[in-house]
>>> print(open('model.pdb').read())   # PDB, C-alpha atoms
ATOM      1  CA  MET A  87     -13.728  38.182  -4.501  1.00  0.00           C
ATOM      2  CA  ALA A  88     -16.759  35.926  -4.893  1.00  0.00           C
ATOM      3  CA  LEU A  89     -16.896  32.575  -3.080  1.00  0.00           C
ATOM      4  CA  ASP A  90     -16.840  30.595  -6.354  1.00  0.00           C
ATOM      5  CA  ASP A  91     -13.733  32.489  -7.478  1.00  0.00           C
ATOM      6  CA  LYS A  92     -12.054  31.789  -4.134  1.00  0.00           C
ATOM      7  CA  ARG A  93     -12.861  28.093  -4.493  1.00  0.00           C
ATOM      8  CA  LYS A  94     -11.467  27.996  -8.038  1.00  0.00           C
ATOM      9  CA  ASN A  95      -8.284  29.825  -6.967  1.00  0.00           C
ATOM     10  CA  LEU A  96      -7.779  27.424  -4.071  1.00  0.00           C
ATOM     11  CA  GLN A  97      -8.374  24.385  -6.301  1.00  0.00           C
ATOM     12  CA  THR A  98      -5.873  25.712  -8.856  1.00  0.00           C
ATOM     13  CA  LEU A  99      -3.292  26.322  -6.134  1.00  0.00           C
ATOM     14  CA  LEU A 100      -3.756  22.854  -4.630  1.00  0.00           C
ATOM     15  CA  LYS A 101      -3.506  21.135  -8.029  1.00  0.00           C
ATOM     16  CA  ALA A 102      -0.309  23.045  -8.866  1.00  0.00           C
ATOM     17  CA  SER A 103       1.405  22.397  -5.507  1.00  0.00           C
ATOM     18  CA  THR A 104       3.298  19.289  -4.516  1.00  0.00           C
ATOM     19  CA  ALA A 105       2.088  17.346  -1.492  1.00  0.00           C
ATOM     20  CA  GLU A 106       5.353  18.131   0.286  1.00  0.00           C
ATOM     21  CA  ARG A 107       5.075  21.897  -0.275  1.00  0.00           C
ATOM     22  CA  LEU A 108       1.443  21.898   0.817  1.00  0.00           C
ATOM     23  CA  GLN A 109       2.255  19.911   3.947  1.00  0.00           C
ATOM     24  CA  ASP A 110       5.179  22.201   4.827  1.00  0.00           C
ATOM     25  CA  CYS A 111       3.031  25.295   4.342  1.00  0.00           C
ATOM     26  CA  LEU A 112       0.249  23.965   6.562  1.00  0.00           C
ATOM     27  CA  LEU A 113       2.621  22.750   9.273  1.00  0.00           C
ATOM     28  CA  ASN A 114       4.397  26.123   9.376  1.00  0.00           C
ATOM     29  CA  SER A 115       1.092  28.033   9.462  1.00  0.00           C
ATOM     30  CA  ILE A 116      -0.578  26.035  12.231  1.00  0.00           C
ATOM     31  CA  THR A 117       1.471  27.553  15.056  1.00  0.00           C
ATOM     32  CA  GLU A 118       0.193  31.061  14.246  1.00  0.00           C
ATOM     33  CA  ALA A 119      -3.340  30.110  13.103  1.00  0.00           C
ATOM     34  CA  SER A 120      -6.411  31.388  14.903  1.00  0.00           C
ATOM     35  CA  VAL A 121      -9.014  29.110  16.480  1.00  0.00           C
ATOM     36  CA  THR A 122     -11.344  29.868  13.558  1.00  0.00           C
ATOM     37  CA  GLN A 123      -8.655  28.904  11.021  1.00  0.00           C
ATOM     38  CA  ILE A 124      -7.826  25.687  12.909  1.00  0.00           C
ATOM     39  CA  ASP A 125     -11.520  24.763  13.119  1.00  0.00           C
ATOM     40  CA  ALA A 126     -11.951  25.437   9.376  1.00  0.00           C
ATOM     41  CA  LEU A 127      -8.918  23.288   8.505  1.00  0.00           C
ATOM     42  CA  LEU A 128     -10.090  20.476  10.787  1.00  0.00           C
ATOM     43  CA  ALA A 129     -13.485  20.548   9.080  1.00  0.00           C
ATOM     44  CA  LEU A 130     -11.829  20.327   5.638  1.00  0.00           C
ATOM     45  CA  VAL A 131      -9.618  17.373   6.580  1.00  0.00           C
ATOM     46  CA  GLN A 132     -12.319  15.481   8.506  1.00  0.00           C
ATOM     47  CA  PRO A 133     -12.542  12.747   5.821  1.00  0.00           C
ATOM     48  CA  LEU A 134      -8.786  12.117   6.257  1.00  0.00           C
ATOM     49  CA  MET A 135      -9.165  11.964  10.019  1.00  0.00           C
ATOM     50  CA  SER A 136     -12.013   9.454   9.746  1.00  0.00           C
ATOM     51  CA  ALA A 137     -10.086   7.266   7.294  1.00  0.00           C
ATOM     52  CA  GLY A 138      -6.971   7.595   9.427  1.00  0.00           C
ATOM     53  CA  SER A 139      -8.643   6.024  12.425  1.00  0.00           C
ATOM     54  CA  THR A 140      -9.830   2.889  10.625  1.00  0.00           C
ATOM     55  CA  LYS A 141      -7.331   0.065  10.431  1.00  0.00           C
ATOM     56  CA  LEU A 142      -7.699  -2.064   7.312  1.00  0.00           C
ATOM     57  CA  HIS A 143      -6.385  -5.532   6.388  1.00  0.00           C
ATOM     58  CA  CYS A 144      -4.470  -6.098   3.147  1.00  0.00           C
ATOM     59  CA  VAL A 145      -5.695  -9.271   1.448  1.00  0.00           C
ATOM     60  CA  ARG A 146      -2.383  -9.610  -0.450  1.00  0.00           C
ATOM     61  CA  CYS A 147       0.320  -9.285   2.253  1.00  0.00           C
ATOM     62  CA  HIS A 148      -2.020  -9.701   5.258  1.00  0.00           C
ATOM     63  CA  GLU A 149      -0.662  -6.659   7.095  1.00  0.00           C
ATOM     64  CA  SER A 150      -2.786  -4.012   8.766  1.00  0.00           C
ATOM     65  CA  PHE A 151      -2.687  -0.512   7.297  1.00  0.00           C
ATOM     66  CA  PHE A 152      -4.355   2.869   7.402  1.00  0.00           C
ATOM     67  CA  GLU A 153      -5.680   4.226   4.107  1.00  0.00           C
ATOM     68  CA  HIS A 154      -3.905   7.566   4.521  1.00  0.00           C
ATOM     69  CA  ALA A 155      -0.552   5.736   4.724  1.00  0.00           C
ATOM     70  CA  ASN A 156      -1.215   3.530   1.690  1.00  0.00           C
ATOM     71  CA  ASN A 157       0.959   4.164  -1.345  1.00  0.00           C
ATOM     72  CA  PRO A 158       2.210   2.341  -4.471  1.00  0.00           C
ATOM     73  CA  LYS A 159       5.102   0.782  -2.497  1.00  0.00           C
ATOM     74  CA  ALA A 160       3.304  -0.058   0.764  1.00  0.00           C
ATOM     75  CA  CYS A 161       2.521  -3.731   0.061  1.00  0.00           C
ATOM     76  CA  ARG A 162       5.707  -5.745  -0.412  1.00  0.00           C
ATOM     77  CA  ILE A 163       5.950  -9.477  -0.973  1.00  0.00           C
ATOM     78  CA  PRO A 164       9.459 -10.998  -1.132  1.00  0.00           C
ATOM     79  CA  HIS A 165      10.503 -13.586  -3.687  1.00  0.00           C
ATOM     80  CA  ASP A 166       9.430 -17.031  -2.544  1.00  0.00           C
ATOM     81  CA  GLY A 167      12.874 -18.605  -2.941  1.00  0.00           C
ATOM     82  CA  ARG A 168      12.113 -20.890  -5.870  1.00  0.00           C
ATOM     83  CA  ALA A 169      14.781 -19.769  -8.314  1.00  0.00           C
ATOM     84  CA  ASP A 170      16.132 -22.038 -11.050  1.00  0.00           C
ATOM     85  CA  GLY A 171      19.624 -21.628 -12.441  1.00  0.00           C
ATOM     86  CA  GLU A 172      21.338 -22.465 -15.670  1.00  0.00           C
ATOM     87  CA  ARG A 173      24.809 -21.816 -16.984  1.00  0.00           C
ATOM     88  CA  THR A 174      25.019 -18.521 -18.801  1.00  0.00           C
ATOM     89  CA  GLU A 175      27.390 -20.004 -21.389  1.00  0.00           C
ATOM     90  CA  THR A 176      28.818 -23.464 -21.935  1.00  0.00           C
ATOM     91  CA  GLY A 177      32.151 -23.790 -20.129  1.00  0.00           C
ATOM     92  CA  ASP A 178      31.514 -20.630 -18.095  1.00  0.00           C
ATOM     93  CA  ASP A 179      31.044 -20.733 -14.317  1.00  0.00           C
ATOM     94  CA  ALA A 180      28.459 -17.931 -14.416  1.00  0.00           C
ATOM     95  CA  VAL A 181      24.918 -19.018 -13.620  1.00  0.00           C
ATOM     96  CA  THR A 182      21.786 -17.091 -14.545  1.00  0.00           C
ATOM     97  CA  MET A 183      19.016 -17.501 -12.000  1.00  0.00           C
ATOM     98  CA  THR A 184      15.333 -17.008 -12.782  1.00  0.00           C
ATOM     99  CA  GLU A 185      12.802 -16.508  -9.990  1.00  0.00           C
ATOM    100  CA  SER A 186       9.781 -18.770 -10.518  1.00  0.00           C
ATOM    101  CA  CYS A 187       7.503 -16.278  -8.766  1.00  0.00           C
ATOM    102  CA  CYS A 188       8.043 -13.359 -11.139  1.00  0.00           C
ATOM    103  CA  ASP A 189      10.399 -14.524 -13.915  1.00  0.00           C
ATOM    104  CA  ILE A 190      13.132 -11.971 -13.217  1.00  0.00           C
ATOM    105  CA  SER A 191      16.598 -13.175 -14.192  1.00  0.00           C
ATOM    106  CA  TYR A 192      19.915 -12.225 -12.617  1.00  0.00           C
ATOM    107  CA  ASP A 193      23.473 -13.369 -12.205  1.00  0.00           C
ATOM    108  CA  MET A 194      23.699 -15.828  -9.290  1.00  0.00           C
ATOM    109  CA  GLU A 195      26.677 -13.990  -7.760  1.00  0.00           C
ATOM    110  CA  ASP A 196      24.820 -10.666  -7.750  1.00  0.00           C
ATOM    111  CA  GLY A 197      21.507 -11.934  -6.431  1.00  0.00           C
ATOM    112  CA  PRO A 198      18.127 -10.535  -7.440  1.00  0.00           C
ATOM    113  CA  PRO A 199      17.991  -6.792  -8.168  1.00  0.00           C
ATOM    114  CA  THR A 200      15.374  -6.400  -5.425  1.00  0.00           C
ATOM    115  CA  LYS A 201      14.285  -8.650  -2.593  1.00  0.00           C
ATOM    116  CA  TYR A 202      10.644  -8.020  -3.440  1.00  0.00           C
ATOM    117  CA  CYS A 203       8.661  -9.902  -6.042  1.00  0.00           C
ATOM    118  CA  ILE A 204       5.607  -7.672  -5.658  1.00  0.00           C
ATOM    119  CA  VAL A 205       5.513  -3.990  -4.730  1.00  0.00           C
ATOM    120  CA  ALA A 206       2.060  -2.411  -4.883  1.00  0.00           C
ATOM    121  CA  GLU A 207      -0.595  -0.570  -2.915  1.00  0.00           C
ATOM    122  CA  HIS A 208      -2.305  -2.463  -0.124  1.00  0.00           C
ATOM    123  CA  THR A 209      -5.756  -3.692  -1.114  1.00  0.00           C
ATOM    124  CA  THR A 210      -8.863  -4.937   0.644  1.00  0.00           C
ATOM    125  CA  VAL A 211     -10.320  -6.317  -2.605  1.00  0.00           C
ATOM    126  CA  PRO A 212      -9.455 -10.001  -3.230  1.00  0.00           C
ATOM    127  CA  GLU A 213     -10.262  -9.629  -6.937  1.00  0.00           C
ATOM    128  CA  ASP A 214      -7.303  -7.224  -7.236  1.00  0.00           C
ATOM    129  CA  VAL A 215      -4.858  -9.969  -6.188  1.00  0.00           C
ATOM    130  CA  VAL A 216      -3.392 -12.820  -8.240  1.00  0.00           C
ATOM    131  CA  TYR A 217      -3.203 -15.600  -5.672  1.00  0.00           C
ATOM    132  CA  TYR A 218      -0.846 -18.559  -5.918  1.00  0.00           C
ATOM    133  CA  ASP A 219      -2.717 -21.703  -6.914  1.00  0.00           C
ATOM    134  CA  GLU A 220      -0.898 -24.869  -5.876  1.00  0.00           C
ATOM    135  CA  GLU A 221      -3.436 -26.916  -7.838  1.00  0.00           C
ATOM    136  CA  GLU A 222      -1.998 -25.589 -11.090  1.00  0.00           C
ATOM    137  CA  ASP A 223       1.026 -27.544 -12.233  1.00  0.00           C
ATOM    138  CA  ASP A 224       2.894 -24.688 -13.927  1.00  0.00           C
ATOM    139  CA  GLY A 225       4.844 -23.769 -10.754  1.00  0.00           C
ATOM    140  CA  GLU A 226       4.451 -20.080 -11.526  1.00  0.00           C
ATOM    141  CA  GLY A 227       3.291 -17.367  -9.185  1.00  0.00           C
ATOM    142  CA  ASN A 228       4.481 -16.391  -5.738  1.00  0.00           C
ATOM    143  CA  GLN A 229       3.764 -19.039  -3.098  1.00  0.00           C
ATOM    144  CA  LEU A 230       3.581 -16.272  -0.483  1.00  0.00           C
ATOM    145  CA  VAL A 231       0.506 -14.704  -2.121  1.00  0.00           C
ATOM    146  CA  VAL A 232      -2.356 -16.658  -0.594  1.00  0.00           C
ATOM    147  CA  THR A 233      -5.936 -15.939   0.407  1.00  0.00           C
ATOM    148  CA  CYS A 234      -6.869 -14.894   3.923  1.00  0.00           C
ATOM    149  CA  ALA A 235      -8.535 -18.304   4.366  1.00  0.00           C
ATOM    150  CA  THR A 236      -5.276 -20.085   3.484  1.00  0.00           C
ATOM    151  CA  LYS A 237      -3.205 -17.702   5.614  1.00  0.00           C
ATOM    152  CA  GLY A 238      -5.581 -18.143   8.538  1.00  0.00           C
ATOM    153  CA  CYS A 239      -6.554 -14.508   8.878  1.00  0.00           C
ATOM    154  CA  LYS A 240      -9.507 -14.084  11.168  1.00  0.00           C
ATOM    155  CA  LYS A 241     -12.411 -11.852  10.332  1.00  0.00           C
ATOM    156  CA  ARG A 242     -11.403  -8.882  12.364  1.00  0.00           C
ATOM    157  CA  LYS A 243     -13.696  -6.296  13.783  1.00  0.00           C
ATOM    158  CA  VAL A 244     -11.931  -2.994  13.433  1.00  0.00           C
ATOM    159  CA  THR A 245     -13.073   0.075  15.267  1.00  0.00           C
ATOM    160  CA  SER A 246     -12.505   3.689  14.443  1.00  0.00           C
ATOM    161  CA  ALA A 247     -11.656   6.301  17.044  1.00  0.00           C
ATOM    162  CA  SER A 248     -15.298   7.413  17.157  1.00  0.00           C
ATOM    163  CA  ALA A 249     -16.453   3.818  17.682  1.00  0.00           C
ATOM    164  CA  LYS A 250     -14.166   3.566  20.685  1.00  0.00           C
ATOM    165  CA  GLN A 251     -16.072   6.491  22.105  1.00  0.00           C
ATOM    166  CA  GLY A 252     -19.340   4.665  21.462  1.00  0.00           C
ATOM    167  CA  LYS A 253     -20.416   6.857  18.542  1.00  0.00           C
ATOM    168  CA  GLY A 254     -19.412   4.815  15.479  1.00  0.00           C
ATOM    169  CA  LYS A 255     -20.060   1.472  13.916  1.00  0.00           C
ATOM    170  CA  LYS A 256     -17.628  -1.407  13.811  1.00  0.00           C
ATOM    171  CA  LYS A 257     -16.323  -2.308  10.378  1.00  0.00           C
ATOM    172  CA  ARG A 258     -14.957  -5.565   9.047  1.00  0.00           C
ATOM    173  CA  ALA A 259     -11.669  -5.531   7.228  1.00  0.00           C
TER     174      ALA A 259
END
>>> encode(input="model.pdb", output="structure tokens")
Amino acid sequence: MALDDKRKNLQTLLKASTAERLQDCLLNSITEASVTQIDALLALVQPLMSAGSTKLHCVRCHESFFEHANNPKACRIPHDGRADGERTETGDDAVTMTESCCDISYDMEDGPPTKYCIVAEHTTVPEDVVYYDEEEDDGEGNQLVVTCATKGCKKRKVTSASAKQGKGKKKRA
């Protein structure tokens, strides 16, 4: 089989497989793999290894993260506790609460359906974040979503594994 055909077959297989099945297959195969196969796999996943050794800083939640561990539910910001309540019906004891940070409504006795106002991927791009602006008088937005300057985050020099060995460059997060 020609090299191009092998590449196409492998691409088709990878696109059709789930991440979990692919991971299980690789983990089960590693114990019996030859040195040549291990070296080839390491060469293919080198970009993941490089990204996995660089710690990044999320400009939304201000936590450190590794890109390979980032996912759509990694960055979580809780409600900021500014909920307003009003009687559900006149003469009824039930109170409907509305969170000022995200406008979700819920029965006061049940509490909010989730403790998080924001669930998203971590980001290093400030333009991707809607920051709370206390200057605006509308009272909307999550007070916990603030810039790194407001939070007091320091410009951090982050090193990769290769930089620790003196071979890489330091990166700012």
>>> atom_distance(input="model.pdb", atom1="CA of Asp91 (chain A)", atom2="CA of Thr117 (chain A)")
27.6 Å
>>> closest_residue(input="model.pdb", among="A:Val145, A:Ile163, A:Val181, A:Leu134", to="Pro212 (chain A)", atoms="only C-alpha atoms")
A:Val145
>>> atom_distance(input="model.pdb", atom1="CA of Phe152 (chain A)", atom2="CA of Leu130 (chain A)")
19.1 Å
>>> closest_residue(input="model.pdb", among="A:Met183, A:Leu230, A:Cys147, A:Ala235", to="Glu207 (chain A)", atoms="only C-alpha atoms")
A:Cys147
>>> residues_around(input="model.pdb", residues="Cys144 (chain A)", least_positions_apart="3", cutoff="10 Å", atoms="only C-alpha atoms", output="tab-separated table (two decimals) with C-alpha atoms, keeping the file's coordinate frame")
chain	number	residue	atom	x	y	z
A	141	LYS	CA	-7.33	0.06	10.43
A	147	CYS	CA	0.32	-9.28	2.25
A	148	HIS	CA	-2.02	-9.70	5.26
A	149	GLU	CA	-0.66	-6.66	7.10
A	150	SER	CA	-2.79	-4.01	8.77
A	151	PHE	CA	-2.69	-0.51	7.30
A	152	PHE	CA	-4.36	2.87	7.40
A	161	CYS	CA	2.52	-3.73	0.06
A	207	GLU	CA	-0.60	-0.57	-2.92
A	208	HIS	CA	-2.31	-2.46	-0.12
A	209	THR	CA	-5.76	-3.69	-1.11
A	210	THR	CA	-8.86	-4.94	0.64
A	211	VAL	CA	-10.32	-6.32	-2.60
A	212	PRO	CA	-9.46	-10.00	-3.23
A	234	CYS	CA	-6.87	-14.89	3.92
A	259	ALA	CA	-11.67	-5.53	7.23
>>> decode(input="model.pdb", residues="region 174-205 of chain A", atoms="N, CA, C and O atoms", output="short mmCIF file (atom, residue, chain, number, x, y, z; two decimals), in the first residue's frame")
data_model
loop_
_atom_site.label_atom_id
_atom_site.label_comp_id
_atom_site.auth_asym_id
_atom_site.auth_seq_id
_atom_site.Cartn_x
_atom_site.Cartn_y
_atom_site.Cartn_z
N THR A 174 -43.84 34.51 43.84
CA THR A 174 -44.26 33.87 42.60
C THR A 174 -45.70 34.26 42.28
O THR A 174 -46.02 34.59 41.15
N GLU A 175 -46.56 34.24 43.30
CA GLU A 175 -47.95 34.65 43.15
C GLU A 175 -48.36 35.40 44.40
O GLU A 175 -47.88 35.12 45.50
N THR A 176 -49.29 36.32 44.25
CA THR A 176 -49.80 37.07 45.39
C THR A 176 -50.45 36.11 46.37
O THR A 176 -51.24 35.24 45.98
N GLY A 177 -50.11 36.25 47.65
CA GLY A 177 -50.66 35.39 48.69
C GLY A 177 -49.97 34.04 48.81
O GLY A 177 -50.32 33.23 49.67
N ASP A 178 -49.00 33.77 47.97
CA ASP A 178 -48.27 32.50 48.00
C ASP A 178 -46.93 32.75 48.69
O ASP A 178 -46.33 33.82 48.54
N ASP A 179 -46.44 31.78 49.45
CA ASP A 179 -45.16 31.92 50.13
C ASP A 179 -43.97 31.65 49.21
O ASP A 179 -42.84 31.93 49.57
N ALA A 180 -44.23 31.08 48.05
CA ALA A 180 -43.14 30.75 47.12
C ALA A 180 -42.49 32.03 46.59
O ALA A 180 -43.16 33.01 46.28
N VAL A 181 -41.17 31.99 46.52
CA VAL A 181 -40.40 33.13 46.02
C VAL A 181 -39.53 32.67 44.85
O VAL A 181 -38.84 31.67 44.95
N THR A 182 -39.62 33.42 43.76
CA THR A 182 -38.77 33.15 42.60
C THR A 182 -37.56 34.07 42.69
O THR A 182 -37.69 35.28 42.79
N MET A 183 -36.39 33.45 42.66
CA MET A 183 -35.13 34.19 42.73
C MET A 183 -34.57 34.32 41.31
O MET A 183 -34.71 33.41 40.49
N THR A 184 -33.93 35.44 41.05
CA THR A 184 -33.25 35.66 39.77
C THR A 184 -31.84 36.13 40.07
O THR A 184 -31.64 37.13 40.77
N GLU A 185 -30.85 35.39 39.56
CA GLU A 185 -29.45 35.75 39.74
C GLU A 185 -29.12 36.97 38.88
O GLU A 185 -29.36 36.95 37.67
N SER A 186 -28.58 38.00 39.47
CA SER A 186 -28.22 39.21 38.72
C SER A 186 -27.10 38.94 37.73
O SER A 186 -27.02 39.57 36.68
N CYS A 187 -26.23 37.98 38.04
CA CYS A 187 -25.06 37.72 37.20
C CYS A 187 -25.40 37.07 35.87
O CYS A 187 -24.71 37.30 34.88
N CYS A 188 -26.46 36.26 35.83
CA CYS A 188 -26.75 35.53 34.59
C CYS A 188 -28.23 35.43 34.27
O CYS A 188 -28.61 34.78 33.31
N ASP A 189 -29.07 36.03 35.09
CA ASP A 189 -30.52 36.09 34.86
C ASP A 189 -31.24 34.74 34.93
O ASP A 189 -32.36 34.63 34.44
N ILE A 190 -30.64 33.71 35.52
CA ILE A 190 -31.40 32.47 35.67
C ILE A 190 -32.36 32.64 36.84
O ILE A 190 -32.06 33.31 37.83
N SER A 191 -33.54 32.05 36.70
CA SER A 191 -34.56 32.13 37.75
C SER A 191 -34.81 30.74 38.30
O SER A 191 -34.72 29.74 37.58
N TYR A 192 -35.16 30.68 39.59
CA TYR A 192 -35.40 29.41 40.26
C TYR A 192 -36.22 29.64 41.51
O TYR A 192 -36.31 30.75 42.03
N ASP A 193 -36.82 28.58 41.99
CA ASP A 193 -37.57 28.64 43.23
C ASP A 193 -36.58 28.76 44.39
O ASP A 193 -35.60 28.03 44.45
N MET A 194 -36.83 29.69 45.30
CA MET A 194 -35.91 29.96 46.41
C MET A 194 -35.63 28.71 47.24
O MET A 194 -34.51 28.48 47.68
N GLU A 195 -36.63 27.86 47.44
CA GLU A 195 -36.43 26.65 48.24
C GLU A 195 -35.53 25.64 47.55
O GLU A 195 -34.84 24.88 48.21
N ASP A 196 -35.54 25.63 46.22
CA ASP A 196 -34.73 24.67 45.48
C ASP A 196 -33.29 25.14 45.28
O ASP A 196 -32.38 24.34 45.14
N GLY A 197 -33.10 26.44 45.23
CA GLY A 197 -31.78 26.98 44.94
C GLY A 197 -31.52 26.94 43.45
O GLY A 197 -32.29 26.36 42.67
N PRO A 198 -30.42 27.54 43.01
CA PRO A 198 -30.13 27.58 41.58
C PRO A 198 -29.88 26.17 41.04
O PRO A 198 -29.40 25.29 41.76
N PRO A 199 -30.20 25.94 39.76
CA PRO A 199 -30.02 24.61 39.18
C PRO A 199 -28.56 24.18 39.09
O PRO A 199 -28.25 23.00 39.02
N THR A 200 -27.65 25.13 39.11
CA THR A 200 -26.22 24.85 39.12
C THR A 200 -25.54 25.93 39.94
O THR A 200 -26.04 27.05 40.02
N LYS A 201 -24.42 25.59 40.56
CA LYS A 201 -23.74 26.62 41.35
C LYS A 201 -22.86 27.52 40.49
O LYS A 201 -22.33 28.49 40.97
N TYR A 202 -22.77 27.17 39.19
CA TYR A 202 -21.91 27.96 38.31
C TYR A 202 -22.70 28.88 37.40
O TYR A 202 -23.66 28.47 36.76
N CYS A 203 -22.27 30.09 37.32
CA CYS A 203 -22.84 31.10 36.43
C CYS A 203 -22.24 30.92 35.03
O CYS A 203 -22.93 31.02 34.04
N ILE A 204 -20.95 30.65 34.99
CA ILE A 204 -20.23 30.52 33.72
C ILE A 204 -19.49 29.19 33.72
O ILE A 204 -18.80 28.85 34.68
N VAL A 205 -19.67 28.43 32.65
CA VAL A 205 -18.94 27.19 32.41
C VAL A 205 -18.46 27.27 30.97
O VAL A 205 -19.26 27.35 30.05
#
